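The next block is protein-v1.csv, given as CSV, C-alpha atoms and all ligand atoms.
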```csv
chain,number,residue,atom,x,y,z
A,1,MET,CA,-44.0,-72.1,-50.4
A,2,GLN,CA,-43.9,-68.5,-49.4
A,3,VAL,CA,-41.5,-66.4,-51.5
A,4,LEU,CA,-39.5,-63.8,-49.6
A,5,THR,CA,-40.0,-60.5,-51.3
A,6,MET,CA,-39.3,-57.9,-48.6
A,7,ARG,CA,-35.7,-56.7,-48.4
A,8,ILE,CA,-34.5,-55.3,-45.1
A,9,ILE,CA,-31.1,-53.7,-45.0
A,10,MET,CA,-29.2,-52.3,-42.0
A,11,HIS,CA,-26.4,-49.8,-42.1
A,12,VAL,CA,-24.1,-49.5,-39.1
A,13,ASP,CA,-21.8,-46.5,-38.7
A,14,LEU,CA,-19.5,-46.1,-35.7
A,15,ASP,CA,-19.8,-42.8,-33.8
A,16,ALA,CA,-16.8,-40.4,-33.9
A,17,PHE,CA,-14.8,-43.5,-34.6
A,18,PHE,CA,-11.1,-42.5,-34.3
A,19,ALA,CA,-11.9,-40.3,-31.3
A,20,ALA,CA,-14.1,-43.1,-29.7
A,21,CYS,CA,-11.1,-45.5,-29.9
A,22,GLU,CA,-8.9,-43.0,-28.2
A,23,GLU,CA,-11.5,-42.4,-25.5
A,24,ARG,CA,-11.8,-46.1,-24.9
A,25,GLU,CA,-8.0,-46.3,-24.3
A,26,ARG,CA,-7.9,-43.2,-22.1
A,27,PRO,CA,-11.0,-43.0,-20.0
A,28,GLU,CA,-9.8,-39.7,-18.5
A,29,LEU,CA,-10.8,-38.1,-21.9
A,30,LYS,CA,-14.4,-39.1,-21.6
A,31,GLY,CA,-16.7,-36.0,-21.7
A,32,LYS,CA,-13.9,-33.7,-22.8
A,33,PRO,CA,-13.3,-32.4,-26.3
A,34,VAL,CA,-10.9,-34.6,-28.3
A,35,VAL,CA,-9.6,-33.9,-31.8
A,36,ILE,CA,-7.7,-36.5,-34.0
A,37,GLY,CA,-5.5,-35.4,-36.9
A,38,HIS,CA,-2.3,-35.6,-38.7
A,39,ASP,CA,0.6,-33.5,-37.2
A,40,PRO,CA,-1.5,-32.1,-34.3
A,41,GLU,CA,1.5,-30.4,-32.5
A,42,LYS,CA,-0.7,-29.4,-29.6
A,43,GLY,CA,-3.2,-27.9,-32.0
A,44,LYS,CA,-0.6,-25.7,-33.9
A,45,GLY,CA,0.3,-28.2,-36.6
A,46,ARG,CA,-0.5,-27.8,-40.3
A,47,GLY,CA,-2.6,-30.9,-40.6
A,48,VAL,CA,-6.3,-31.3,-40.9
A,49,VAL,CA,-8.8,-32.8,-38.5
A,50,SER,CA,-9.6,-36.5,-39.2
A,51,THR,CA,-12.4,-36.5,-36.7
A,52,ALA,CA,-13.5,-34.9,-33.4
A,53,ASN,CA,-15.7,-36.4,-30.7
A,54,TYR,CA,-19.1,-35.0,-30.1
A,55,LYS,CA,-18.0,-32.7,-27.3
A,56,ALA,CA,-15.5,-31.1,-29.6
A,57,ARG,CA,-18.2,-30.8,-32.3
A,58,GLU,CA,-20.1,-28.5,-30.0
A,59,TYR,CA,-17.3,-26.0,-30.5
A,60,GLY,CA,-17.8,-26.2,-34.3
A,61,ILE,CA,-14.9,-28.6,-35.0
A,62,ASN,CA,-15.4,-31.0,-37.9
A,63,SER,CA,-13.6,-33.5,-40.1
A,64,GLY,CA,-11.4,-31.8,-42.8
A,65,MET,CA,-10.9,-28.6,-40.8
A,66,PRO,CA,-7.4,-27.3,-40.4
A,67,ILE,CA,-6.0,-28.3,-37.0
A,68,SER,CA,-5.1,-24.6,-36.4
A,69,LYS,CA,-8.7,-23.6,-36.8
A,70,ALA,CA,-9.8,-26.3,-34.5
A,71,TYR,CA,-7.3,-25.1,-31.9
A,72,ALA,CA,-8.6,-21.5,-32.3
A,73,LEU,CA,-12.2,-22.8,-31.7
A,74,CYS,CA,-11.2,-24.9,-28.6
A,75,PRO,CA,-7.7,-24.5,-27.3
A,76,THR,CA,-8.5,-26.8,-24.3
A,77,ALA,CA,-9.3,-29.8,-26.5
A,78,THR,CA,-7.0,-32.8,-26.4
A,79,PHE,CA,-5.3,-33.1,-29.8
A,80,LEU,CA,-4.0,-36.6,-30.7
A,81,PRO,CA,-2.2,-38.0,-33.7
A,82,ILE,CA,-3.8,-40.8,-35.8
A,83,ASN,CA,-3.1,-44.3,-34.5
A,84,PHE,CA,-4.3,-46.6,-37.3
A,85,PRO,CA,-3.2,-49.9,-35.8
A,86,LEU,CA,-5.6,-49.2,-32.8
A,87,TYR,CA,-8.5,-48.3,-35.1
A,88,TYR,CA,-8.0,-51.3,-37.3
A,89,ARG,CA,-8.0,-53.6,-34.3
A,90,VAL,CA,-11.3,-52.1,-33.0
A,91,SER,CA,-12.8,-52.1,-36.5
A,92,GLU,CA,-11.9,-55.8,-37.0
A,93,GLY,CA,-13.6,-56.6,-33.7
A,94,VAL,CA,-16.8,-54.7,-34.6
A,95,MET,CA,-16.9,-56.2,-38.1
A,96,LYS,CA,-16.7,-59.7,-36.6
A,97,ILE,CA,-19.7,-59.0,-34.5
A,98,LEU,CA,-21.7,-57.6,-37.4
A,99,ARG,CA,-20.9,-60.5,-39.7
A,100,LYS,CA,-22.5,-62.9,-37.2
A,101,TYR,CA,-25.9,-61.2,-37.5
A,102,ALA,CA,-26.1,-60.8,-41.3
A,103,ASP,CA,-27.4,-62.9,-44.2
A,104,LYS,CA,-25.0,-61.0,-46.3
A,105,PHE,CA,-22.4,-58.6,-45.1
A,106,GLN,CA,-20.5,-55.7,-46.8
A,107,GLN,CA,-17.9,-53.6,-45.0
A,108,VAL,CA,-17.8,-50.2,-46.7
A,109,SER,CA,-15.0,-48.5,-44.8
A,110,ILE,CA,-13.1,-48.8,-41.6
A,111,ASP,CA,-16.2,-47.8,-39.6
A,112,GLU,CA,-19.3,-48.7,-41.6
A,113,ALA,CA,-21.0,-51.8,-43.0
A,114,PHE,CA,-24.2,-52.9,-44.7
A,115,LEU,CA,-26.0,-56.0,-43.4
A,116,ASP,CA,-28.8,-57.7,-45.4
A,117,VAL,CA,-31.1,-59.0,-42.7
A,118,SER,CA,-34.1,-59.8,-44.9
A,119,THR,CA,-34.5,-63.3,-43.5
A,120,ALA,CA,-35.5,-61.8,-40.1
A,121,GLY,CA,-38.8,-61.3,-41.9
A,122,SER,CA,-40.1,-58.2,-40.1
A,123,TYR,CA,-38.9,-54.7,-39.1
A,124,GLU,CA,-39.8,-55.6,-35.5
A,125,LYS,CA,-37.4,-58.5,-35.5
A,126,VAL,CA,-34.6,-56.4,-37.2
A,127,VAL,CA,-35.0,-53.8,-34.4
A,128,GLU,CA,-34.3,-56.6,-31.9
A,129,ILE,CA,-31.2,-57.6,-33.9
A,130,ALA,CA,-30.0,-54.0,-33.9
A,131,ALA,CA,-30.4,-53.9,-30.1
A,132,MET,CA,-28.2,-57.0,-29.8
A,133,ILE,CA,-25.6,-55.5,-32.1
A,134,ARG,CA,-25.4,-52.3,-30.2
A,135,ASN,CA,-25.1,-54.2,-27.0
A,136,ASP,CA,-22.4,-56.5,-28.3
A,137,ILE,CA,-20.4,-53.6,-29.7
A,138,GLU,CA,-20.6,-51.6,-26.5
A,139,LYS,CA,-19.7,-54.5,-24.3
A,140,GLN,CA,-16.9,-56.0,-26.4
A,141,GLU,CA,-15.4,-53.0,-28.0
A,142,LYS,CA,-16.5,-50.2,-25.6
A,143,ILE,CA,-17.7,-47.8,-28.4
A,144,THR,CA,-21.1,-46.8,-29.8
A,145,CYS,CA,-22.6,-46.9,-33.2
A,146,SER,CA,-25.6,-45.5,-35.1
A,147,ILE,CA,-27.9,-47.8,-37.0
A,148,GLY,CA,-30.2,-47.2,-39.9
A,149,ILE,CA,-32.8,-49.7,-41.1
A,150,GLY,CA,-34.6,-49.5,-44.4
A,151,SER,CA,-35.7,-51.3,-47.6
A,152,ASN,CA,-32.5,-50.7,-49.5
A,153,LYS,CA,-28.9,-49.6,-48.9
A,154,LEU,CA,-29.5,-45.9,-49.7
A,155,ILE,CA,-32.3,-45.6,-47.2
A,156,ALA,CA,-30.4,-47.6,-44.5
A,157,LYS,CA,-27.3,-45.4,-45.0
A,158,THR,CA,-29.3,-42.1,-44.9
A,159,ALA,CA,-31.2,-43.4,-41.8
A,160,SER,CA,-28.0,-44.2,-39.8
A,161,ASP,CA,-27.0,-40.6,-40.1
A,162,PHE,CA,-30.3,-39.3,-38.9
A,163,GLN,CA,-29.9,-39.6,-35.1
A,164,LYS,CA,-26.2,-39.6,-34.4
A,165,PRO,CA,-24.6,-40.5,-32.0
A,166,ASN,CA,-25.9,-43.8,-30.6
A,167,GLY,CA,-29.1,-43.6,-32.6
A,168,LEU,CA,-31.4,-46.1,-34.2
A,169,THR,CA,-33.6,-45.0,-37.1
A,170,ILE,CA,-36.1,-47.2,-38.8
A,171,VAL,CA,-37.6,-46.1,-42.1
A,172,LYS,CA,-40.4,-48.3,-43.4
A,173,PRO,CA,-41.0,-48.3,-47.1
A,174,GLU,CA,-44.0,-45.9,-46.8
A,175,GLU,CA,-41.9,-43.4,-44.8
A,176,THR,CA,-39.1,-43.2,-47.4
A,177,GLN,CA,-40.2,-40.1,-49.2
A,178,GLU,CA,-40.8,-38.3,-45.9
A,179,LEU,CA,-37.2,-39.1,-44.8
A,180,LEU,CA,-35.6,-38.0,-48.0
A,181,SER,CA,-37.5,-35.1,-49.3
A,182,THR,CA,-36.5,-32.3,-46.9
A,183,LEU,CA,-32.9,-33.3,-46.6
A,184,PRO,CA,-30.3,-31.1,-48.4
A,185,ALA,CA,-29.2,-32.5,-51.8
A,186,ARG,CA,-25.7,-32.9,-50.4
A,187,LYS,CA,-27.0,-35.6,-48.0
A,188,LEU,CA,-27.9,-37.9,-50.9
A,189,TYR,CA,-25.2,-40.5,-50.9
A,190,GLY,CA,-22.9,-39.9,-53.8
A,191,VAL,CA,-23.6,-36.1,-54.1
A,192,GLY,CA,-20.3,-34.4,-53.6
A,193,GLU,CA,-19.4,-30.8,-53.6
A,194,LYS,CA,-19.3,-30.5,-57.4
A,195,THR,CA,-22.7,-32.1,-58.0
A,196,ASP,CA,-24.2,-30.1,-55.2
A,197,LYS,CA,-22.9,-26.8,-56.7
A,198,ALA,CA,-24.2,-27.8,-60.2
A,199,LEU,CA,-27.6,-28.6,-58.6
A,200,LYS,CA,-27.8,-25.3,-56.7
A,201,GLU,CA,-27.3,-23.5,-60.1
A,202,LEU,CA,-30.5,-25.3,-61.2
A,203,GLY,CA,-32.2,-24.1,-58.1
A,204,ILE,CA,-32.2,-27.6,-56.6
A,205,GLU,CA,-31.6,-27.5,-52.8
A,206,THR,CA,-33.2,-30.6,-51.4
A,207,ILE,CA,-33.4,-34.3,-52.2
A,208,GLY,CA,-37.1,-33.7,-52.8
A,209,ASP,CA,-36.2,-31.1,-55.4
A,210,ILE,CA,-34.1,-33.7,-57.3
A,211,ALA,CA,-36.9,-36.2,-57.1
A,212,LYS,CA,-39.3,-33.7,-58.7
A,213,CYS,CA,-36.8,-32.5,-61.3
A,214,ASP,CA,-37.2,-33.5,-64.9
A,215,VAL,CA,-35.0,-36.6,-65.4
A,216,GLN,CA,-34.0,-35.4,-68.9
A,217,LEU,CA,-32.6,-32.2,-67.5
A,218,LEU,CA,-30.6,-34.2,-65.0
A,219,GLN,CA,-29.4,-36.5,-67.8
A,220,SER,CA,-28.3,-33.5,-69.9
A,221,MET,CA,-26.3,-32.1,-66.9
A,222,PHE,CA,-24.8,-35.3,-65.6
A,223,GLY,CA,-25.2,-38.0,-68.2
A,224,ARG,CA,-26.0,-41.5,-66.8
A,225,TRP,CA,-25.3,-40.3,-63.3
A,226,GLY,CA,-28.2,-37.9,-63.7
A,227,THR,CA,-30.6,-40.8,-64.2
A,228,GLU,CA,-29.2,-42.6,-61.2
A,229,LEU,CA,-29.5,-39.4,-59.2
A,230,HIS,CA,-33.2,-39.2,-60.0
A,231,PHE,CA,-33.8,-42.8,-58.9
A,232,LEU,CA,-31.9,-42.4,-55.7
A,233,ALA,CA,-33.7,-39.1,-54.8
A,234,ASN,CA,-36.9,-41.1,-55.2
A,235,GLY,CA,-35.6,-43.7,-52.8
A,236,VAL,CA,-35.0,-46.4,-55.5
A,237,ASP,CA,-31.8,-48.4,-55.0
A,238,GLU,CA,-31.6,-51.9,-56.3
A,239,SER,CA,-28.0,-52.6,-55.4
A,240,GLU,CA,-27.3,-55.7,-53.4
A,241,VAL,CA,-25.2,-56.0,-50.2
A,242,GLU,CA,-22.1,-57.5,-51.8
A,243,GLU,CA,-20.0,-59.9,-49.9
A,244,SER,CA,-16.6,-58.9,-51.0
A,245,GLU,CA,-13.2,-59.9,-49.9
A,246,GLY,CA,-11.6,-56.8,-51.3
A,247,ILE,CA,-8.0,-56.7,-52.6
A,248,GLN,CA,-6.0,-59.3,-50.7
A,249,SER,CA,-2.5,-58.3,-52.0
A,250,VAL,CA,-0.6,-56.2,-54.5
A,251,GLY,CA,2.5,-57.5,-56.1
A,252,ARG,CA,4.8,-57.4,-59.1
A,253,GLU,CA,7.2,-59.9,-60.6
A,254,TYR,CA,10.3,-59.3,-62.7
A,255,THR,CA,12.3,-61.7,-64.8
A,256,PHE,CA,15.8,-60.6,-65.6
A,257,LYS,CA,17.0,-60.6,-69.2
A,258,GLU,CA,20.0,-62.7,-68.0
A,259,ASP,CA,20.2,-64.6,-64.7
A,260,THR,CA,22.1,-62.4,-62.2
A,261,ASN,CA,23.6,-62.1,-58.8
A,262,ASP,CA,24.4,-58.4,-59.1
A,263,ILE,CA,23.0,-57.0,-55.9
A,264,ALA,CA,23.0,-53.4,-57.1
A,265,LEU,CA,20.8,-54.4,-60.1
A,266,ILE,CA,18.5,-56.5,-58.1
A,267,SER,CA,18.1,-53.7,-55.5
A,268,GLU,CA,17.3,-51.3,-58.2
A,269,ILE,CA,14.5,-53.5,-59.6
A,270,ILE,CA,13.2,-54.0,-56.1
A,271,ASP,CA,13.0,-50.2,-55.5
A,272,ALA,CA,11.3,-49.6,-58.9
A,273,THR,CA,8.8,-52.5,-58.1
A,274,ALA,CA,8.2,-51.0,-54.6
A,275,ASP,CA,7.3,-47.6,-56.2
A,276,ASP,CA,4.9,-49.3,-58.6
A,277,ILE,CA,3.2,-51.2,-55.8
A,278,ALA,CA,2.9,-48.1,-53.6
A,279,SER,CA,1.2,-46.2,-56.3
A,280,THR,CA,-1.4,-48.9,-56.8
A,281,LEU,CA,-2.0,-48.9,-53.0
A,282,ALA,CA,-2.4,-45.2,-53.0
A,283,GLU,CA,-5.0,-45.4,-55.7
A,284,GLU,CA,-7.0,-47.9,-53.7
A,285,GLY,CA,-6.4,-46.1,-50.3
A,286,LEU,CA,-4.7,-49.2,-48.9
A,287,TRP,CA,-2.0,-49.7,-46.2
A,288,TYR,CA,0.1,-52.8,-45.9
A,289,ARG,CA,1.6,-54.6,-43.0
A,290,THR,CA,3.4,-57.6,-44.6
A,291,VAL,CA,6.0,-57.5,-47.3
A,292,ALA,CA,7.0,-60.7,-49.2
A,293,LEU,CA,9.9,-61.4,-51.5
A,294,LYS,CA,9.9,-64.3,-54.0
A,295,ILE,CA,13.1,-65.5,-55.6
A,296,ARG,CA,13.5,-67.9,-58.4
A,297,TYR,CA,17.0,-69.2,-59.0
A,298,GLU,CA,18.5,-70.1,-62.4
A,299,ASN,CA,17.6,-73.7,-61.8
A,300,PHE,CA,13.9,-72.7,-61.2
A,301,GLU,CA,14.1,-73.4,-57.5
A,302,THR,CA,11.7,-70.9,-56.0
A,303,HIS,CA,11.5,-69.5,-52.4
A,304,THR,CA,9.4,-66.9,-50.7
A,305,ARG,CA,10.1,-65.1,-47.5
A,306,GLN,CA,8.0,-62.5,-45.8
A,307,LYS,CA,8.1,-60.1,-42.9
A,308,THR,CA,5.2,-58.6,-41.0
A,309,LEU,CA,5.9,-55.1,-39.7
A,310,ALA,CA,5.1,-53.6,-36.3
A,311,LYS,CA,2.5,-51.3,-37.8
A,312,ASN,CA,0.8,-50.4,-41.1
A,313,TYR,CA,2.7,-48.5,-43.8
A,314,SER,CA,1.7,-47.0,-47.1
A,315,ASP,CA,5.1,-45.8,-48.5
A,316,ALA,CA,7.3,-47.3,-51.2
A,317,GLY,CA,10.5,-46.9,-49.1
A,318,THR,CA,9.4,-49.4,-46.4
A,319,ILE,CA,8.5,-52.0,-49.1
A,320,GLY,CA,11.9,-51.5,-50.7
A,321,SER,CA,13.9,-51.7,-47.5
A,322,THR,CA,12.0,-54.7,-46.1
A,323,ALA,CA,12.3,-56.6,-49.4
A,324,LYS,CA,16.1,-55.8,-49.6
A,325,ASP,CA,16.4,-57.0,-46.1
A,326,LEU,CA,14.8,-60.3,-47.0
A,327,LEU,CA,17.0,-60.5,-50.1
A,328,LYS,CA,20.1,-60.9,-47.9
A,329,LYS,CA,19.1,-64.4,-47.0
A,330,PHE,CA,19.0,-65.4,-50.6
A,331,THR,CA,22.2,-63.9,-51.8
A,332,GLU,CA,24.3,-66.1,-49.6
A,333,SER,CA,23.7,-68.7,-52.2
A,334,LYS,CA,26.1,-68.7,-55.2
A,335,LYS,CA,23.2,-69.4,-57.6
A,336,LYS,CA,22.1,-66.7,-59.9
A,337,ILE,CA,18.6,-65.3,-59.7
A,338,ARG,CA,16.2,-65.5,-62.6
A,339,LEU,CA,13.1,-63.8,-61.2
A,340,ILE,CA,12.2,-61.7,-58.3
A,341,GLY,CA,8.7,-60.9,-57.0
A,342,VAL,CA,7.6,-58.3,-54.4
A,343,ARG,CA,4.2,-58.5,-52.8
A,344,VAL,CA,2.5,-56.7,-49.9
A,345,THR,CA,-0.4,-58.4,-48.0
A,346,ASN,CA,-2.3,-57.8,-44.8
A,347,LEU,CA,-3.9,-54.8,-46.4
A,348,HIS,CA,-6.1,-52.3,-44.6
A,349,GLN,CA,-8.3,-49.5,-45.9
A,350,GLU,CA,-6.9,-46.1,-45.1
A,351,SER,CA,-10.3,-44.5,-44.3
A,352,ARG,CA,-13.6,-44.0,-46.0
A,353,GLN,CA,-13.6,-42.7,-49.6
A,354,LYS,CA,-16.8,-41.0,-50.5
A,355,THR,CA,-16.5,-40.6,-54.2
A,356,LEU,CA,-18.9,-41.1,-57.1
A,357,GLY,CA,-16.9,-44.0,-58.2
A,358,ASP,CA,-17.2,-45.7,-54.8
A,359,PHE,CA,-20.9,-45.0,-54.8
A,360,ALA,CA,-21.4,-46.8,-58.1
A,361,LYS,CA,-20.0,-49.9,-56.4
A,362,VAL,CA,-22.2,-49.6,-53.3
B,1,LIG,P1,-17.1,-40.9,-40.3
B,1,LIG,O1,-18.0,-42.1,-40.0
B,1,LIG,O2,-17.5,-40.0,-41.4
B,1,LIG,O3,-17.0,-40.0,-39.0
B,1,LIG,P2,-16.9,-40.4,-37.5
B,1,LIG,O4,-17.1,-41.9,-37.3
B,1,LIG,O5,-15.7,-39.8,-36.9
B,1,LIG,O6,-18.2,-39.6,-36.9
B,1,LIG,P3,-19.7,-39.9,-37.1
B,1,LIG,O7,-20.2,-40.1,-35.7
B,1,LIG,O8,-20.3,-38.7,-37.7
B,1,LIG,O9,-19.9,-41.2,-37.9
B,1,LIG,O10,-15.6,-41.4,-40.6
B,1,LIG,C1,-15.0,-42.5,-39.9
B,1,LIG,C2,-13.6,-42.2,-39.6
B,1,LIG,O11,-12.9,-41.9,-40.8
B,1,LIG,C3,-13.4,-41.0,-38.7
B,1,LIG,O12,-13.5,-41.3,-37.3
B,1,LIG,C4,-12.0,-40.5,-39.1
B,1,LIG,C5,-11.9,-40.9,-40.5
B,1,LIG,N1,-12.1,-39.8,-41.4
B,1,LIG,C6,-11.0,-39.0,-41.8
B,1,LIG,O13,-9.8,-39.4,-41.5
B,1,LIG,N2,-11.2,-37.9,-42.6
B,1,LIG,C7,-12.4,-37.5,-43.0
B,1,LIG,O14,-12.5,-36.4,-43.7
B,1,LIG,C8,-13.6,-38.2,-42.5
B,1,LIG,C9,-15.0,-37.8,-42.9
B,1,LIG,C10,-13.4,-39.3,-41.8
B,2,MG,MG,-18.6,-43.0,-38.2
```
Translate the structure described by the file into structure tokens.
Amino acid sequence: MQVLTMRIIMHVDLDAFFAACEERERPELKGKPVVIGHDPEKGKGRGVVSTANYKAREYGINSGMPISKAYALCPTATFLPINFPLYYRVSEGVMKILRKYADKFQQVSIDEAFLDVSTAGSYEKVVEIAAMIRNDIEKQEKITCSIGIGSNKLIAKTASDFQKPNGLTIVKPEETQELLSTLPARKLYGVGEKTDKALKELGIETIGDIAKCDVQLLQSMFGRWGTELHFLANGVDESEVEESEGIQSVGREYTFKEDTNDIALISEIIDATADDIASTLAEEGLWYRTVALKIRYENFETHTRQKTLAKNYSDAGTIGSTAKDLLKKFTESKKKIRLIGVRVTNLHQESRQKTLGDFAKV
């Protein structure tokens, strides 16, 4: 029996994702500069740019830039507010397509995923799979993506960024060093602004410089992360594509010291619980769409009611008000309440989070 030793990983990243979704919905925007951000106020708002389409990028507009600066660079661009429900819908459609083609599948953010496609057996076969994926995404979701293919997640991710937009980059194991070595250190996945600054102080500019740097020096600067940095710069990444369901729900339960039907007290507990849940969601970068309330009466009879909202929310106020709304149905009963539970489900990732912590999970 032949043992399968070669790993082939694909990384798919959607092009100018939020802007691409808007263009899909409004074909009249095609070919024109489009900027998406919080509080755009015709370009004069105080928010920052979430993303810009490639036409707007020609004017120097990029993610994270103040909207006012983007407006100064290109006053004729169309400035649109963020419409998460639309982006989640498109993202779910794309992820469904990708899942079909993968041995193992890992969604990393709203617009990117890793696919382990090792059983395809050859790079040639994987290129065919990539073509089918691009075709399906364009036909079914009317947007484009860029794909990177390599022997591990790091290489695949670096490769997908290589020829954006609508690009396909294949990096065979023997080409890995060539791909990585001349790229700026900041391009190494996991190297943020702070690490980059510290590296520059050591005279390290490129990924190749990190690869050549004495590992003990990196260790003394960054601890364990220094060792990992060295491996990554040399194209070594053993991490697996992890099928993960992610967090499904966030909830809290509270048992009253004495059974009660004091609405003011119960409402107070609901509000405190909502605050607590919202802070957990904020830490995880999650938004919710469904709020559930569980009630256990003094006789242990237990009921749950839930409400799905028209859009995604992240705030504590909406959790509290929805749960209190649901509470009304329970307080018609004369029975006292022993326990209440509030839970949010139908969770969605806010947007990508490129931090060292996240990288460790990748
Ligand atoms: P990216 O994949 O980084 O960017 P992109 O898809 O817009 O463009 P590219 O073609 O270079 O991949 O992020 C995906 C989405 O996440 C992006 O469309 C908007 C959102 N986002 C933010 O809201 N803020 C940010 O700072 C970044 C980088 C992205
Ligand atoms: Mg993208």
task = Go through the chains and note each residue within 6 Å of ligand MG 2 (chain B), using only C-alpha atoms and all ligand atoms, then give the set as a ChimeraX atom specification.
result = /A:13-17,111
Shell of 6 Å around Arg296 (chain A), only C-alpha atoms, local chain residues under 2 positions omitted, as a PyMOL selection string = chain A and resi 300-302+337-339
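Here CA of Val127 (chain A) is placed at a distance of 8.5 Å from CA of Leu168 (chain A).
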inquiry  = Neighbours of ligand LIG 1 (chain B) at 7 Å or closer, counting all atoms listed in the file: which residues, as a ChimeraX atom specification?
reply    = /A:13-19,49-52,63-64,110-112,164-165,351-352
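Across the structure, CA of Ser267 (chain A) and CA of Ile295 (chain A) are spaced 12.8 Å apart.
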query = How far is it from CA of Leu73 (chain A) to CA of Lys30 (chain A), in Å with one decimal?
reply = 19.3 Å
key: Nearest-residue call for Leu286 (chain A), choices A:Val250, A:Leu347, A:Met221, A:Ala185, using all atoms listed in the file   = A:Leu347
inquiry  = With all atoms listed in the file as the counted atoms, please give the residues lying no more than 12 Å from Lys194 (chain A), apart from itself and same-chain residues fewer than 2 positions off, as a ChimeraX atom specification.
reply    = /A:185-186,190-192,196-201,221-222,355-356
Next, the residues of the selection above should be written as a PDB file, keeping the file's coordinate frame with C-alpha atoms.
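New file part-v2.pdb:
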```pdb
ATOM      1  CA  ALA A 185     -29.200 -32.500 -51.800  1.00  0.00           C
ATOM      2  CA  ARG A 186     -25.700 -32.900 -50.400  1.00  0.00           C
ATOM      3  CA  GLY A 190     -22.900 -39.900 -53.800  1.00  0.00           C
ATOM      4  CA  VAL A 191     -23.600 -36.100 -54.100  1.00  0.00           C
ATOM      5  CA  GLY A 192     -20.300 -34.400 -53.600  1.00  0.00           C
ATOM      6  CA  ASP A 196     -24.200 -30.100 -55.200  1.00  0.00           C
ATOM      7  CA  LYS A 197     -22.900 -26.800 -56.700  1.00  0.00           C
ATOM      8  CA  ALA A 198     -24.200 -27.800 -60.200  1.00  0.00           C
ATOM      9  CA  LEU A 199     -27.600 -28.600 -58.600  1.00  0.00           C
ATOM     10  CA  LYS A 200     -27.800 -25.300 -56.700  1.00  0.00           C
ATOM     11  CA  GLU A 201     -27.300 -23.500 -60.100  1.00  0.00           C
ATOM     12  CA  MET A 221     -26.300 -32.100 -66.900  1.00  0.00           C
ATOM     13  CA  PHE A 222     -24.800 -35.300 -65.600  1.00  0.00           C
ATOM     14  CA  THR A 355     -16.500 -40.600 -54.200  1.00  0.00           C
ATOM     15  CA  LEU A 356     -18.900 -41.100 -57.100  1.00  0.00           C
TER      16      LEU A 356
END
```
inquiry  = List as a PyMOL selection string the residues having at least one atom at most 6 Å from position (12.2, -57.7, -47.1) as given in the file, counting only C-alpha atoms.
reply    = chain A and resi 322-326
request  = Give as JSON, numbers by chain every residue, naming chains and numbers as the document does, that has an atom within 12 Å of (-34.6, -34.3, -49.0), counting all atoms listed in the file.
outcome  = {"A": [155, 158, 176, 177, 178, 179, 180, 181, 182, 183, 184, 185, 186, 187, 188, 189, 204, 205, 206, 207, 208, 209, 210, 211, 212, 232, 233, 234, 235]}
Distance query Asp116 (chain A) at most 8 Å, only C-alpha atoms, self and fewer than 3 positions along chain excluded, as a list in words = Arg7, Ile8, Ile9, Met10, Ala102, Asp103, Lys104, Phe105 and Val241 of chain A
task = Within 10 Å of Asn83 (chain A), counting all atoms listed in the file, which residues show up once you throw out same-chain ones fewer than 3 positions away? Write them as a PyMOL selection string, please.
result = chain A and resi 18+21-22+36-38+80+86-88+311-312
task = Could you tell me which of A:Ala130, A:Ala72, A:Val215, A:Val35 comes closest to Phe231 (chain A) if we count all atoms listed in the file?
result =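 Looking at the shortest contact to Phe231 (chain A), the residue is A:Val215.
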Please report, as AutoDock Vina command-line options, the centre and edge lengths in Å to one decimal of an axis-aligned box covering all listed atoms of region 277-283 of chain A with 5 Å per side.
```
--center_x -0.9 --center_y -48.2 --center_z -54.9 --size_x 18.2 --size_y 16.0 --size_z 13.8
```
ask   = If we count all atoms listed in the file, what is near Lys294 (chain A) at a cut-off of 8 Å, once residues fewer than 3 positions away on the same chain are taken out, given as a list in words?
value =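 Near Lys294 (chain A), the qualifying residues are Thr302, His303, Thr304, Arg305, Leu339, Ile340, Gly341 and Val342 of chain A.
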